[in-house]
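Trainee: Provided below: my_file_29.cif, containing mmCIF, C-alpha atoms and all ligand atoms.
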```cif
data_target
#
loop_
_atom_site.group_PDB
_atom_site.id
_atom_site.type_symbol
_atom_site.label_atom_id
_atom_site.label_comp_id
_atom_site.auth_asym_id
_atom_site.auth_seq_id
_atom_site.Cartn_x
_atom_site.Cartn_y
_atom_site.Cartn_z
ATOM 1 C CA MET Y 37 60.140 152.812 59.406
ATOM 2 C CA GLU Y 38 61.782 149.590 58.262
ATOM 3 C CA VAL Y 39 60.606 146.550 60.249
ATOM 4 C CA PHE Y 40 64.178 145.804 61.369
ATOM 5 C CA ASP Y 41 64.620 149.332 62.725
ATOM 6 C CA LEU Y 42 61.231 149.185 64.428
ATOM 7 C CA LEU Y 43 62.134 145.924 66.181
ATOM 8 C CA THR Y 44 65.630 146.941 67.244
ATOM 9 C CA GLN Y 45 64.527 150.357 68.530
ATOM 10 C CA HIS Y 46 61.985 148.825 70.900
ATOM 11 C CA VAL Y 47 61.880 150.239 74.414
ATOM 12 C CA SER Y 48 59.250 149.767 77.081
ATOM 13 C CA VAL Y 49 57.338 152.977 77.761
ATOM 14 C CA ARG Y 50 56.215 153.788 81.291
ATOM 15 C CA ASP Y 51 55.099 157.383 80.884
ATOM 16 C CA PHE Y 52 52.064 158.056 78.696
ATOM 17 C CA GLU Y 53 49.772 160.896 77.668
ATOM 18 C CA ALA Y 54 46.284 160.363 79.096
ATOM 19 C CA THR Y 55 44.872 160.210 75.530
ATOM 20 C CA PRO Y 56 42.665 157.115 75.067
ATOM 21 C CA LEU Y 57 43.247 155.034 71.949
ATOM 22 C CA SER Y 58 40.460 155.329 69.371
ATOM 23 C CA ALA Y 59 38.093 152.405 68.818
ATOM 24 C CA ALA Y 60 39.543 151.996 65.305
ATOM 25 C CA THR Y 61 43.099 151.774 66.641
ATOM 26 C CA LYS Y 62 42.122 149.199 69.254
ATOM 27 C CA GLN Y 63 40.271 147.172 66.641
ATOM 28 C CA GLN Y 64 43.363 147.171 64.471
ATOM 29 C CA LEU Y 65 45.632 146.152 67.346
ATOM 30 C CA LEU Y 66 43.330 143.293 68.335
ATOM 31 C CA THR Y 67 43.182 142.117 64.729
ATOM 32 C CA ALA Y 68 46.984 142.187 64.500
ATOM 33 C CA ALA Y 69 47.214 140.178 67.716
ATOM 34 C CA HIS Y 70 45.158 137.344 66.352
ATOM 35 C CA ALA Y 71 46.901 137.194 62.995
ATOM 36 C CA GLY Y 72 49.951 135.499 64.530
ATOM 37 C CA SER Y 73 50.881 131.854 64.162
ATOM 38 C CA SER Y 74 49.013 129.408 66.379
ATOM 39 C CA SER Y 75 50.206 125.948 67.326
ATOM 40 C CA ASN Y 76 47.965 123.421 65.516
ATOM 41 C CA PHE Y 77 45.561 126.324 65.010
ATOM 42 C CA VAL Y 78 44.264 125.982 68.568
ATOM 43 C CA GLN Y 79 44.114 129.805 68.967
ATOM 44 C CA ALA Y 80 44.412 129.297 72.707
ATOM 45 C CA THR Y 81 44.202 132.981 73.591
ATOM 46 C CA SER Y 82 41.727 135.525 74.860
ATOM 47 C CA ILE Y 83 42.352 139.230 75.206
ATOM 48 C CA ILE Y 84 40.369 141.319 77.658
ATOM 49 C CA GLU Y 85 40.516 145.071 77.326
ATOM 50 C CA VAL Y 86 40.096 146.657 80.744
ATOM 51 C CA GLN Y 87 38.101 149.861 80.476
ATOM 52 C CA ALA Y 88 36.230 150.249 83.781
ATOM 53 C CA PRO Y 89 38.318 152.688 85.866
ATOM 54 C CA ALA Y 90 37.819 150.805 89.162
ATOM 55 C CA LEU Y 91 38.900 147.541 87.568
ATOM 56 C CA ARG Y 92 41.877 149.120 85.886
ATOM 57 C CA ASN Y 93 42.891 150.753 89.176
ATOM 58 C CA GLU Y 94 42.803 147.467 91.029
ATOM 59 C CA LEU Y 95 44.817 145.680 88.350
ATOM 60 C CA ALA Y 96 47.289 148.564 88.447
ATOM 61 C CA GLU Y 97 47.694 148.151 92.204
ATOM 62 C CA ILE Y 98 48.118 144.371 91.900
ATOM 63 C CA SER Y 99 50.801 144.827 89.282
ATOM 64 C CA GLN Y 100 52.629 147.527 91.249
ATOM 65 C CA SER Y 101 52.823 149.458 87.991
ATOM 66 C CA ALA Y 102 50.090 151.913 88.911
ATOM 67 C CA ALA Y 103 51.273 155.025 87.121
ATOM 68 C CA TYR Y 104 51.515 153.513 83.690
ATOM 69 C CA VAL Y 105 48.694 151.005 83.914
ATOM 70 C CA LYS Y 106 46.155 153.582 85.118
ATOM 71 C CA LYS Y 107 47.336 156.296 82.770
ATOM 72 C CA SER Y 108 47.746 154.978 79.259
ATOM 73 C CA GLY Y 109 45.665 154.837 76.094
ATOM 74 C CA ALA Y 110 44.462 151.279 76.649
ATOM 75 C CA PHE Y 111 45.158 148.252 78.826
ATOM 76 C CA PHE Y 112 44.761 144.651 77.673
ATOM 77 C CA VAL Y 113 45.055 141.425 79.648
ATOM 78 C CA PHE Y 114 46.356 138.419 77.714
ATOM 79 C CA VAL Y 115 44.843 135.137 78.809
ATOM 80 C CA ALA Y 116 46.198 131.697 77.925
ATOM 81 C CA ASP Y 117 42.879 130.072 77.181
ATOM 82 C CA LEU Y 118 41.897 126.440 76.632
ATOM 83 C CA TYR Y 119 38.364 126.947 77.960
ATOM 84 C CA ARG Y 120 36.955 126.902 74.400
ATOM 85 C CA GLN Y 121 38.484 123.482 73.786
ATOM 86 C CA VAL Y 122 37.151 122.124 77.097
ATOM 87 C CA HIS Y 123 33.725 123.508 76.261
ATOM 88 C CA LEU Y 124 33.576 121.842 72.863
ATOM 89 C CA LEU Y 125 35.059 118.553 74.086
ATOM 90 C CA GLU Y 126 32.542 118.367 76.929
ATOM 91 C CA ALA Y 127 29.702 119.106 74.536
ATOM 92 C CA ALA Y 128 30.789 116.031 72.570
ATOM 93 C CA GLY Y 129 31.198 113.896 75.707
ATOM 94 C CA GLN Y 130 34.963 113.657 75.176
ATOM 95 C CA PRO Y 131 37.508 113.538 78.045
ATOM 96 C CA VAL Y 132 39.221 116.857 78.745
ATOM 97 C CA ALA Y 133 42.470 115.386 80.124
ATOM 98 C CA PRO Y 134 44.388 116.009 76.870
ATOM 99 C CA VAL Y 135 43.774 119.740 77.321
ATOM 100 C CA THR Y 136 45.226 119.815 80.813
ATOM 101 C CA ASN Y 137 48.763 118.484 80.410
ATOM 102 C CA LEU Y 138 51.958 120.514 80.349
ATOM 103 C CA GLU Y 139 52.214 120.381 76.550
ATOM 104 C CA SER Y 140 48.745 121.886 76.054
ATOM 105 C CA PHE Y 141 49.425 124.513 78.685
ATOM 106 C CA LEU Y 142 52.678 125.463 76.931
ATOM 107 C CA VAL Y 143 50.820 125.694 73.622
ATOM 108 C CA SER Y 144 48.407 128.186 75.155
ATOM 109 C CA VAL Y 145 51.239 130.228 76.704
ATOM 110 C CA VAL Y 146 53.176 130.350 73.434
ATOM 111 C CA ASP Y 147 50.117 131.234 71.320
ATOM 112 C CA THR Y 148 49.175 133.987 73.720
ATOM 113 C CA THR Y 149 52.666 135.432 73.826
ATOM 114 C CA ILE Y 150 52.866 135.501 70.031
ATOM 115 C CA ALA Y 151 49.549 137.348 69.912
ATOM 116 C CA ALA Y 152 50.757 139.882 72.472
ATOM 117 C CA GLU Y 153 54.018 140.584 70.685
ATOM 118 C CA ASN Y 154 52.073 141.035 67.442
ATOM 119 C CA MET Y 155 49.943 143.642 69.172
ATOM 120 C CA ALA Y 156 53.005 145.314 70.671
ATOM 121 C CA VAL Y 157 54.773 145.594 67.320
ATOM 122 C CA ALA Y 158 51.596 146.799 65.572
ATOM 123 C CA ALA Y 159 51.291 149.506 68.233
ATOM 124 C CA GLU Y 160 54.926 150.551 67.981
ATOM 125 C CA ALA Y 161 54.586 150.730 64.193
ATOM 126 C CA GLN Y 162 52.014 153.488 64.757
ATOM 127 C CA GLY Y 163 54.344 155.418 67.040
ATOM 128 C CA LEU Y 164 52.586 154.219 70.187
ATOM 129 C CA GLY Y 165 54.496 153.009 73.244
ATOM 130 C CA ILE Y 166 53.936 149.722 75.053
ATOM 131 C CA CYS Y 167 54.833 148.001 78.304
ATOM 132 C CA PHE Y 168 54.125 144.376 79.182
ATOM 133 C CA ILE Y 169 52.795 143.997 82.715
ATOM 134 C CA GLY Y 170 53.805 140.662 84.210
ATOM 135 C CA GLY Y 171 53.079 142.227 87.587
ATOM 136 C CA LEU Y 172 49.540 140.858 87.157
ATOM 137 C CA ARG Y 173 50.987 137.538 88.315
ATOM 138 C CA ASN Y 174 51.502 139.089 91.771
ATOM 139 C CA ASP Y 175 47.953 137.937 92.505
ATOM 140 C CA LEU Y 176 46.547 135.705 89.781
ATOM 141 C CA ALA Y 177 43.641 134.484 91.878
ATOM 142 C CA ARG Y 178 42.388 138.044 92.348
ATOM 143 C CA VAL Y 179 42.919 138.876 88.656
ATOM 144 C CA ALA Y 180 40.897 135.802 87.703
ATOM 145 C CA GLU Y 181 38.174 136.815 90.129
ATOM 146 C CA LEU Y 182 38.047 140.397 88.865
ATOM 147 C CA LEU Y 183 37.838 139.319 85.204
ATOM 148 C CA HIS Y 184 35.524 136.348 85.889
ATOM 149 C CA LEU Y 185 37.939 133.931 84.280
ATOM 150 C CA PRO Y 186 36.729 130.329 84.089
ATOM 151 C CA LYS Y 187 38.839 127.209 84.630
ATOM 152 C CA TYR Y 188 41.345 126.319 81.915
ATOM 153 C CA THR Y 189 42.392 129.962 81.578
ATOM 154 C CA VAL Y 190 45.468 131.709 82.995
ATOM 155 C CA PRO Y 191 46.050 135.477 82.740
ATOM 156 C CA LEU Y 192 49.696 135.718 81.710
ATOM 157 C CA PHE Y 193 50.392 139.453 81.606
ATOM 158 C CA GLY Y 194 48.908 142.805 80.684
ATOM 159 C CA LEU Y 195 49.910 145.094 77.849
ATOM 160 C CA THR Y 196 49.578 148.809 78.404
ATOM 161 C CA ILE Y 197 49.619 150.954 75.262
ATOM 162 C CA GLY Y 198 49.496 154.668 74.638
ATOM 163 C CA VAL Y 199 51.016 157.839 73.291
ATOM 164 C CA PRO Y 200 54.498 158.099 74.853
ATOM 165 C CA ARG Y 201 55.294 161.170 76.936
ATOM 166 C CA HIS Y 202 58.820 159.993 77.540
ATOM 167 C CA LYS Y 203 60.940 157.187 76.090
ATOM 168 C CA ASN Y 204 64.041 155.595 77.606
ATOM 169 C CA GLY Y 205 67.099 154.764 75.518
ATOM 170 C CA VAL Y 206 67.303 151.298 73.988
ATOM 171 C CA LYS Y 207 68.551 148.728 76.541
ATOM 172 C CA PRO Y 208 71.573 146.834 75.233
ATOM 173 C CA ARG Y 209 70.721 143.163 74.673
ATOM 174 C CA LEU Y 210 73.058 140.194 74.970
ATOM 175 C CA PRO Y 211 75.504 140.172 72.052
ATOM 176 C CA LEU Y 212 74.623 137.608 69.387
ATOM 177 C CA ALA Y 213 77.620 135.494 70.451
ATOM 178 C CA ASN Y 214 76.041 135.060 73.880
ATOM 179 C CA PHE Y 215 72.803 133.572 72.612
ATOM 180 C CA THR Y 216 73.226 132.197 69.108
ATOM 181 C CA ALA Y 217 75.234 129.263 67.827
ATOM 182 C CA VAL Y 218 75.209 126.898 64.898
ATOM 183 C CA ASP Y 219 74.444 123.199 65.181
ATOM 184 C CA THR Y 220 75.238 122.899 68.880
ATOM 185 C CA TYR Y 221 74.546 124.659 72.140
ATOM 186 C CA SER Y 222 77.663 126.478 73.223
ATOM 187 C CA ALA Y 223 77.743 126.679 77.020
ATOM 188 C CA ALA Y 224 81.142 128.394 77.224
ATOM 189 C CA GLN Y 225 80.214 131.011 74.624
ATOM 190 C CA PHE Y 226 76.798 131.666 76.129
ATOM 191 C CA THR Y 227 78.162 132.244 79.625
ATOM 192 C CA ALA Y 228 81.172 134.418 78.708
ATOM 193 C CA LEU Y 229 79.412 137.552 79.877
ATOM 194 C CA GLY Y 230 82.322 139.817 80.858
ATOM 195 C CA ASP Y 231 82.073 142.148 77.857
ATOM 196 C CA TYR Y 232 78.306 142.337 78.116
ATOM 197 C CA ASP Y 233 78.517 143.146 81.830
ATOM 198 C CA GLU Y 234 80.646 146.174 80.973
ATOM 199 C CA VAL Y 235 78.176 147.320 78.298
ATOM 200 C CA VAL Y 236 75.281 146.994 80.731
ATOM 201 C CA ARG Y 237 77.204 148.747 83.526
ATOM 202 C CA ASP Y 238 77.897 151.650 81.177
ATOM 203 C CA TYR Y 239 74.226 151.776 80.152
ATOM 204 C CA TYR Y 240 72.993 151.834 83.758
ATOM 205 C CA LEU Y 241 75.603 154.392 84.874
ATOM 206 C CA HIS Y 242 74.766 156.836 82.118
ATOM 207 C CA ARG Y 243 71.035 156.486 81.612
ATOM 208 C CA PRO Y 244 69.204 159.744 82.366
ATOM 209 C CA SER Y 245 66.680 158.298 84.819
ATOM 210 C CA HIS Y 246 67.485 156.031 87.798
ATOM 211 C CA PRO Y 247 71.212 155.596 87.041
ATOM 212 C CA LYS Y 248 72.885 152.817 89.020
ATOM 213 C CA ASP Y 249 76.239 151.086 89.259
ATOM 214 C CA THR Y 250 75.591 147.436 88.439
ATOM 215 C CA ASP Y 251 75.997 144.899 85.659
ATOM 216 C CA TRP Y 252 73.840 142.172 84.145
ATOM 217 C CA THR Y 253 75.373 139.326 86.141
ATOM 218 C CA THR Y 254 74.614 141.159 89.377
ATOM 219 C CA THR Y 255 71.056 141.996 88.385
ATOM 220 C CA GLN Y 256 70.402 138.344 87.570
ATOM 221 C CA ARG Y 257 71.928 137.100 90.821
ATOM 222 C CA ASP Y 258 69.810 139.582 92.752
ATOM 223 C CA PHE Y 259 66.646 138.769 90.801
ATOM 224 C CA PHE Y 260 66.967 135.024 91.295
ATOM 225 C CA ALA Y 261 68.107 135.239 94.906
ATOM 226 C CA THR Y 262 64.497 134.558 95.899
ATOM 227 C CA LEU Y 263 61.821 132.258 94.528
ATOM 228 C CA ARG Y 264 59.610 134.331 92.257
ATOM 229 C CA ARG Y 265 55.819 134.181 92.683
ATOM 230 C CA PRO Y 266 55.508 130.683 94.131
ATOM 231 C CA ALA Y 267 51.695 131.013 94.151
ATOM 232 C CA VAL Y 268 51.597 130.782 90.345
ATOM 233 C CA ALA Y 269 51.990 126.984 90.350
ATOM 234 C CA ALA Y 270 49.031 126.427 92.682
ATOM 235 C CA PHE Y 271 46.895 128.857 90.680
ATOM 236 C CA VAL Y 272 47.613 127.115 87.379
ATOM 237 C CA LYS Y 273 46.712 123.749 88.935
ATOM 238 C CA ALA Y 274 43.537 125.167 90.465
ATOM 239 C CA GLN Y 275 42.567 126.338 86.980
ATOM 240 C CA GLY Y 276 42.477 122.695 85.911
ATOM 241 C CA PHE Y 277 45.948 122.205 84.467
ATOM 242 C CA GLU Y 278 47.466 119.039 85.900
ATOM 243 C CA LEU Y 279 50.782 119.467 84.058
ATOM 244 C CA THR Y 280 51.888 115.971 85.007
ATOM 245 C CA ARG Y 281 51.483 113.969 81.795
HETATM 246 C C1 LIG S 301 56.210 139.220 79.950
HETATM 247 C C2 LIG S 301 56.789 140.547 80.393
HETATM 248 C C3 LIG S 301 56.348 141.099 81.568
HETATM 249 C C4 LIG S 301 56.810 142.359 81.977
HETATM 250 N N1 LIG S 301 56.296 142.926 83.110
HETATM 251 C C5 LIG S 301 56.633 144.196 83.437
HETATM 252 C C6 LIG S 301 55.986 144.840 84.548
HETATM 253 O O1 LIG S 301 55.149 144.257 85.239
HETATM 254 N N2 LIG S 301 56.319 146.121 84.811
HETATM 255 C C7 LIG S 301 57.238 146.804 84.061
HETATM 256 O O2 LIG S 301 57.491 147.969 84.334
HETATM 257 N N3 LIG S 301 57.859 146.215 83.003
HETATM 258 C C8 LIG S 301 57.570 144.938 82.668
HETATM 259 N N4 LIG S 301 58.151 144.327 81.578
HETATM 260 C C9 LIG S 301 59.099 145.090 80.744
HETATM 261 C C10 LIG S 301 60.538 144.621 80.961
HETATM 262 O O3 LIG S 301 61.002 145.103 82.188
HETATM 263 C C11 LIG S 301 61.382 145.166 79.786
HETATM 264 O O4 LIG S 301 60.927 144.608 78.576
HETATM 265 C C12 LIG S 301 62.870 144.842 79.979
HETATM 266 O O5 LIG S 301 63.388 145.508 81.105
HETATM 267 C C13 LIG S 301 63.671 145.295 78.750
HETATM 268 O O6 LIG S 301 63.507 146.681 78.562
HETATM 269 P P1 LIG S 301 62.928 147.259 77.201
HETATM 270 O O7 LIG S 301 61.621 146.577 76.902
HETATM 271 O O8 LIG S 301 62.770 148.737 77.412
HETATM 272 O O9 LIG S 301 63.948 146.967 76.146
HETATM 273 C C14 LIG S 301 57.759 143.054 81.189
HETATM 274 C C15 LIG S 301 58.227 142.455 80.016
HETATM 275 C C16 LIG S 301 57.758 141.214 79.626
HETATM 276 C C17 LIG S 301 58.261 140.604 78.341
#
```
Spell out the structure here as structure tokens.
Ligand SMILES: Cc1cc2nc3c(=O)[nH]c(=O)nc-3n(C[C@H](O)[C@H](O)[C@H](O)COP(=O)(O)O)c2cc1C
Mentor:
Amino acid sequence: MEVFDLLTQHVSVRDFEATPLSAATKQQLLTAAHAGSSSNFVQATSIIEVQAPALRNELAEISQSAAYVKKSGAFFVFVADLYRQVHLLEAAGQPVAPVTNLESFLVSVVDTTIAAENMAVAAEAQGLGICFIGGLRNDLARVAELLHLPKYTVPLFGLTIGVPRHKNGVKPRLPLANFTAVDTYSAAQFTALGDYDEVVRDYYLHRPSHPKDTDWTTTQRDFFATLRRPAVAAFVKAQGFELTR
């Protein structure tokens, strides 16, 4: 399949065959993950494949995505990771403060996200299905405990991958006019969402599973009606990221 078609036909898969991925496939996916760009070559990422059934079950419960985290070909946790840098700075007697500011934390989040999307696309190119699992952030402290994560690491999300049993239709994205411009940010253009709301309403009304009568504006108002995961900030700070400078 052409790369453009592969990218634009992406859908999250939440219903997998129980077939485990082969060791060769996992090796290839991990290699693809780490081939992505990396800010200043810091490679501030670690990927932990979760194999032990008890561990995978607990992470599935934490993420409230049990069905498709427990039953998929493989499950990976993506960790924003500056522990390596701290380790080598400390070994040289250098201060670690430069690793702990907001900029360094963002670098690790961006690197890790690029690696994950690389893995996702590599998996989809083989006909596998994927679903990111941000639900891990429901209880980061417990995830860190379960995976024995040291300071200067933050588990960002999981990625569950497997042979799809069922695939949803492609979800309509914002039209280009609502998120691209030339030379200047265009607030009026980016917030003129009436047409898109109708497209999304039509999609939700007519999708085969869980149809509902809503639009994008409403889903966003509902989603941001409450503060999401306020414990994340304290966890990130407890992991050693001061984020102040
Ligand atoms: C970082 C991230 C975290 C996500 N976490 C979850 C999750 O915990 N559970 C889930 O079912 N889907 C999760 N998703 C999938 C999104 O819901 C999905 O990408 C979005 O609804 C668009 O649908 P599509 O991927 O099928 O196009 C996550 C996606 C991203 C990028």
Trainee: Could you list, as a count of residues only, all the residues within 9 Å of ligand LIG 301 (chain S), counting all atoms listed in the file?
Mentor: 31
Trainee: Apply the PyMOL selection byres (((chain Y and resi 116) around 7) and not hetatm) to the displayed file and report the matching residues as a ChimeraX atom specification.
Mentor: /Y:80-82,114-115,117-118,144-145,148,189-192
Trainee: Counting all atoms listed in the file, which residues sit no farther than 12 Å from the position (44.2, 150.9, 65.8) in the file's frame? I'd like them as an MDAnalysis selection string.
Mentor: chainID Y and resid 56:69 109:110 155:164 197:198
Trainee: One number please: CA of Arg237 (chain Y) to CA of Trp252 (chain Y), in Å, one decimal.
Mentor: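 Separation of CA of Arg237 (chain Y) and CA of Trp252 (chain Y): 7.4 Å.
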Trainee: How big is the axis-aligned box around the listed atoms of region 68-81 of chain Y once 6 Å is added on each side, and where is its centre? Give both in Å to one decimal, as JSON.
Mentor:
```
{"center_x": 47.5, "center_y": 132.8, "center_z": 68.3, "size_x": 18.8, "size_y": 30.8, "size_z": 22.6}
```
Trainee: Given the file shown, determine the residues that the PyMOL selection byres (((chain Y and resi 235) around 12) and not hetatm) selects; report them as an MDAnalysis selection string.
Mentor: chainID Y and resid 207:211 229:234 236:242 249:253
